[in-house]
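**Student:** My structure is in structure-v6.csv, and what it holds is CSV, C-alpha atoms:
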```
chain,number,residue,atom,x,y,z
A,1,MET,CA,10.6,-16.8,3.7
A,2,VAL,CA,7.4,-15.1,2.4
A,3,LEU,CA,5.6,-16.0,5.7
A,4,GLU,CA,8.4,-14.3,7.6
A,5,ALA,CA,7.9,-11.1,5.7
A,6,ILE,CA,4.1,-11.4,6.3
A,7,LYS,CA,4.8,-11.9,10.0
A,8,LYS,CA,7.1,-8.8,10.1
A,9,ARG,CA,4.7,-6.5,8.2
A,10,GLN,CA,2.8,-4.1,10.3
A,11,SER,CA,1.2,-0.7,9.9
A,12,VAL,CA,4.0,1.9,10.6
A,13,ARG,CA,2.9,5.4,11.6
A,14,SER,CA,6.2,6.9,12.6
A,15,TYR,CA,9.3,7.0,10.4
A,16,ARG,CA,12.9,7.9,10.9
A,17,GLU,CA,14.5,10.7,8.8
A,18,LYS,CA,16.5,8.3,6.7
A,19,GLU,CA,16.5,8.2,2.9
A,20,ILE,CA,15.7,4.9,1.2
A,21,PRO,CA,18.6,3.9,-1.1
A,22,GLU,CA,17.5,3.9,-4.7
A,23,GLU,CA,18.3,0.2,-5.2
A,24,VAL,CA,16.1,-0.7,-2.2
A,25,LEU,CA,13.3,1.4,-3.6
A,26,GLN,CA,13.6,-0.2,-7.0
A,27,GLN,CA,13.3,-3.7,-5.4
A,28,ILE,CA,10.1,-2.6,-3.7
A,29,LEU,CA,8.7,-1.2,-6.9
A,30,GLU,CA,9.8,-4.4,-8.8
A,31,ALA,CA,7.7,-6.5,-6.4
A,32,GLY,CA,4.6,-4.5,-7.4
A,33,ARG,CA,5.4,-4.7,-11.1
A,34,LEU,CA,5.5,-8.5,-10.9
A,35,ALA,CA,2.1,-8.8,-9.2
A,36,PRO,CA,-0.7,-10.6,-11.0
A,37,SER,CA,-3.6,-8.7,-12.4
A,38,ALA,CA,-6.9,-9.6,-14.0
A,39,SER,CA,-6.3,-10.7,-17.6
A,40,ASN,CA,-2.7,-9.5,-17.0
A,41,GLN,CA,-3.9,-6.0,-17.9
A,42,GLN,CA,-1.7,-4.3,-15.4
A,43,GLY,CA,-4.1,-1.4,-15.4
A,44,TRP,CA,-2.1,0.6,-12.9
A,45,LYS,CA,0.4,3.4,-12.5
A,46,PHE,CA,2.4,4.1,-9.3
A,47,ILE,CA,3.4,7.6,-8.4
A,48,VAL,CA,6.5,7.6,-6.2
A,49,VAL,CA,6.4,10.8,-4.2
A,50,LYS,CA,9.8,11.6,-2.9
A,51,GLU,CA,9.7,15.4,-2.9
A,52,GLU,CA,9.2,16.6,0.6
A,53,SER,CA,6.9,19.6,-0.3
A,54,LEU,CA,4.5,17.2,-2.1
A,55,ARG,CA,4.5,14.7,0.8
A,56,LYS,CA,3.7,17.6,3.2
A,57,LYS,CA,0.8,18.7,0.9
A,58,LEU,CA,-0.6,15.2,1.1
A,59,VAL,CA,-1.0,15.4,4.9
A,60,PRO,CA,-4.2,17.5,4.9
A,61,ALA,CA,-5.5,15.6,1.9
A,62,CYS,CA,-5.0,12.4,4.0
A,63,LYS,CA,-7.2,13.8,6.9
A,64,ASN,CA,-4.1,15.2,8.7
A,65,GLN,CA,-2.3,11.9,9.2
A,66,LYS,CA,1.1,13.6,9.8
A,67,PHE,CA,3.1,10.4,9.3
A,68,VAL,CA,2.2,10.5,5.6
A,69,GLY,CA,4.5,13.6,5.3
A,70,GLU,CA,7.2,12.1,7.5
A,71,ALA,CA,7.9,9.0,5.4
A,72,PRO,CA,10.7,9.5,2.9
A,73,VAL,CA,8.5,8.0,0.1
A,74,VAL,CA,4.8,7.8,-0.5
A,75,ILE,CA,3.5,5.5,-3.2
A,76,ALA,CA,0.2,6.3,-4.8
A,77,GLY,CA,-1.5,3.3,-6.4
A,78,CYS,CA,-3.6,4.5,-9.3
A,79,ALA,CA,-6.0,2.6,-11.5
A,80,THR,CA,-5.8,3.4,-15.2
A,81,ASN,CA,-8.6,1.0,-16.3
A,82,LEU,CA,-11.8,1.5,-14.3
A,83,ASP,CA,-14.1,-0.4,-16.7
A,84,HIS,CA,-12.8,-3.9,-16.6
A,85,ILE,CA,-15.2,-6.2,-14.8
A,86,MET,CA,-14.2,-9.8,-14.1
A,87,SER,CA,-16.5,-12.7,-14.9
A,88,ASN,CA,-17.5,-12.9,-11.2
A,89,GLY,CA,-19.1,-9.4,-11.6
A,90,GLU,CA,-16.4,-7.5,-9.6
A,91,HIS,CA,-14.3,-4.6,-10.9
A,92,SER,CA,-10.7,-5.7,-11.2
A,93,TYR,CA,-9.0,-2.4,-10.3
A,94,PRO,CA,-9.3,-2.4,-6.5
A,95,ILE,CA,-8.2,-6.0,-6.3
A,96,ASP,CA,-5.3,-5.6,-8.8
A,97,LEU,CA,-4.0,-2.6,-6.9
A,98,ALA,CA,-4.4,-4.3,-3.6
A,99,ILE,CA,-2.3,-7.2,-4.8
A,100,ALA,CA,0.4,-5.0,-6.2
A,101,LEU,CA,0.6,-2.8,-3.2
A,102,ASP,CA,0.7,-5.8,-0.9
A,103,HIS,CA,3.6,-7.3,-2.9
A,104,MET,CA,5.4,-3.9,-2.3
A,105,SER,CA,4.6,-3.9,1.4
A,106,LEU,CA,5.9,-7.4,1.9
A,107,GLU,CA,9.1,-6.7,0.0
A,108,ALA,CA,9.5,-3.6,2.1
A,109,ALA,CA,9.0,-5.6,5.3
A,110,SER,CA,11.6,-8.2,4.1
A,111,LEU,CA,14.1,-5.3,3.6
A,112,GLY,CA,13.5,-3.8,7.1
A,113,LEU,CA,11.2,-1.0,6.0
A,114,GLY,CA,7.7,-0.2,7.2
A,115,THR,CA,4.6,0.8,5.3
A,116,CYS,CA,1.0,1.7,6.0
A,117,TRP,CA,-2.1,1.3,3.9
A,118,ILE,CA,-3.9,4.7,3.5
A,119,GLY,CA,-7.5,4.7,2.3
A,120,ALA,CA,-8.5,7.7,4.4
A,121,PHE,CA,-7.9,10.5,2.0
A,122,TYR,CA,-9.8,13.0,-0.2
A,123,GLN,CA,-9.6,11.7,-3.8
A,124,ASP,CA,-10.0,15.1,-5.4
A,125,ARG,CA,-7.3,16.7,-3.3
A,126,VAL,CA,-4.8,13.9,-3.8
A,127,LYS,CA,-5.4,13.9,-7.5
A,128,GLU,CA,-4.9,17.7,-7.7
A,129,ILE,CA,-1.6,17.5,-5.7
A,130,LEU,CA,-0.2,14.7,-7.8
A,131,GLY,CA,-1.6,15.8,-11.2
A,132,VAL,CA,-3.7,12.6,-11.6
A,133,PRO,CA,-6.0,12.8,-14.7
A,134,GLU,CA,-9.8,12.7,-14.2
A,135,ASP,CA,-10.2,9.3,-15.7
A,136,VAL,CA,-7.7,7.7,-13.3
A,137,ARG,CA,-8.5,6.7,-9.7
A,138,VAL,CA,-6.2,6.8,-6.7
A,139,VAL,CA,-7.0,3.5,-4.9
A,140,ALA,CA,-4.5,3.7,-2.0
A,141,LEU,CA,-1.5,5.6,-0.7
A,142,MET,CA,1.4,3.8,1.0
A,143,PRO,CA,4.0,5.6,3.0
A,144,VAL,CA,7.3,3.7,3.0
A,145,GLY,CA,10.3,4.2,5.3
A,146,TYR,CA,12.4,3.0,8.1
A,147,PRO,CA,10.3,2.7,11.3
A,148,ARG,CA,11.1,5.0,14.1
A,149,GLU,CA,10.2,2.3,16.6
A,150,SER,CA,8.8,-1.2,16.4
A,151,GLY,CA,5.0,-1.1,16.7
A,152,SER,CA,2.8,-3.7,18.2
A,153,LYS,CA,1.2,-6.4,16.1
A,154,THR,CA,-2.5,-6.4,15.9
A,155,GLU,CA,-4.4,-9.5,17.0
A,156,ARG,CA,-5.7,-11.8,14.3
A,157,LYS,CA,-8.6,-14.2,14.5
A,158,PRO,CA,-7.6,-17.8,14.8
A,159,LEU,CA,-8.0,-20.0,11.7
A,160,SER,CA,-10.9,-21.8,13.2
A,161,GLU,CA,-13.0,-18.7,13.1
A,162,ILE,CA,-12.2,-17.8,9.4
A,163,ILE,CA,-11.8,-21.1,7.6
A,164,CYS,CA,-14.5,-23.4,6.2
A,165,TYR,CA,-13.9,-26.6,4.3
A,166,ASP,CA,-16.0,-27.5,1.2
A,167,LYS,CA,-19.0,-25.3,2.1
A,168,TYR,CA,-19.7,-22.1,3.9
A,169,THR,CA,-20.4,-22.6,7.6
A,170,SER,CA,-21.2,-20.1,10.3
```
Take the structure in the file and give it back as structure tokens.
**Tutor:**
Amino acid sequence: MVLEAIKKRQSVRSYREKEIPEEVLQQILEAGRLAPSASNQQGWKFIVVKEESLRKKLVPACKNQKFVGEAPVVIAGCATNLDHIMSNGEHSYPIDLAIALDHMSLEAASLGLGTCWIGAFYQDRVKEILGVPEDVRVVALMPVGYPRESGSKTERKPLSEIICYDKYTS
């Protein structure tokens, strides 16, 4: 069942003018809440942007990606703990937020909605629009809505090109 949602998920850049029922939105948000995080810190906050005027203000802050303003909801994934470094030497916040937002995008896909990962935005402008404090970082934005049309799936490399067993091989 999860693999079916993964196969359905695609980057949607055109949304219908259809509101997301509150119970559906809550299911999507719950999927993010249940995501694992380093040391179970859950060092995140999600801003659910429903107000049309705010979504429209996000468009220029997202390098004029118009579909950001068309989606009925935009979720901003914010890191509230920028200092935690895992024992492997990596900051946990980008990984933690990616896992949580991916959970949300897969739940959305399973419910017939589309999403798109947005990393192309001006941090300072988005923070100003959404009132994000200086010590918090917006990691990604994710428009959510009913797709206007079904998009085409992007090609993926075959497993043989990306999998190694036991040791790294070229």
**Student:** What separation in Å, quoted to one decimal, exists between CA of Glu52 in chain A and CA of Asn64 in chain A?
**Tutor:**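 Computing the Euclidean distance for CA of Glu52 in chain A and CA of Asn64 in chain A yields 15.6 Å.
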**Student:** Skip Glu22 in chain A itself and residues of its chain fewer than 2 positions away, then list as an MDAnalysis selection string all residues within 12 Å of it, counting all atoms listed in the file.
**Tutor:** chainID A and resid 19:20 24:29 48 50 72:73
**Student:** For range 91-98 of chain A, please output as a ChimeraX atom specification all residues within 10 Å (counting all atoms listed in the file; exclusion window: fewer than 4 positions along the same chain).
**Tutor:** /A:32,35-46,77-87,102-104,117,137-140
**Student:** Grab the CA of Met142 in chain A to CA of Val74 in chain A distance for me, in Å with one decimal place.
**Tutor:**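 It comes out at 5.5 Å.
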**Student:** Which residue out of A:Gly112, A:Lys153, A:Ala120, A:Ile129 has the minimum interatomic distance to Lys56 in chain A when all atoms listed in the file are used?
**Tutor:**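 Counting all atoms listed in the file, the residue closest to Lys56 in chain A is A:Ile129.
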**Student:** Just give me the residues with any atom within 12 Å of (10.8, 8.8, 10.2), file coordinates, counting all atoms listed in the file, written as a ChimeraX atom specification.
**Tutor:** /A:12-20,66-73,113-115,143-150
**Student:** Got a sec: who's within 10 Å of range 3-5 of chain A, counting all atoms listed in the file, leaving out chain neighbours fewer than 3 positions off, as a ChimeraX atom specification?
**Tutor:** /A:8-10,105-112
**Student:** One decimal, in Å: what's the spacing between CA of Cys62 in chain A and CA of Thr154 in chain A?
**Tutor:** 22.4 Å
**Student:** Pick out the closest residue to Ser11 in chain A from this set: A:Cys116, A:Ser170, A:Glu128, A:Glu134. Count only C-alpha atoms.
**Tutor:** A:Cys116
**Student:** Considering all atoms listed in the file, state which residue in the set A:Lys63, A:Arg33, A:Thr169, A:Leu159 is at the smallest distance from Tyr122 in chain A.
**Tutor:** A:Lys63
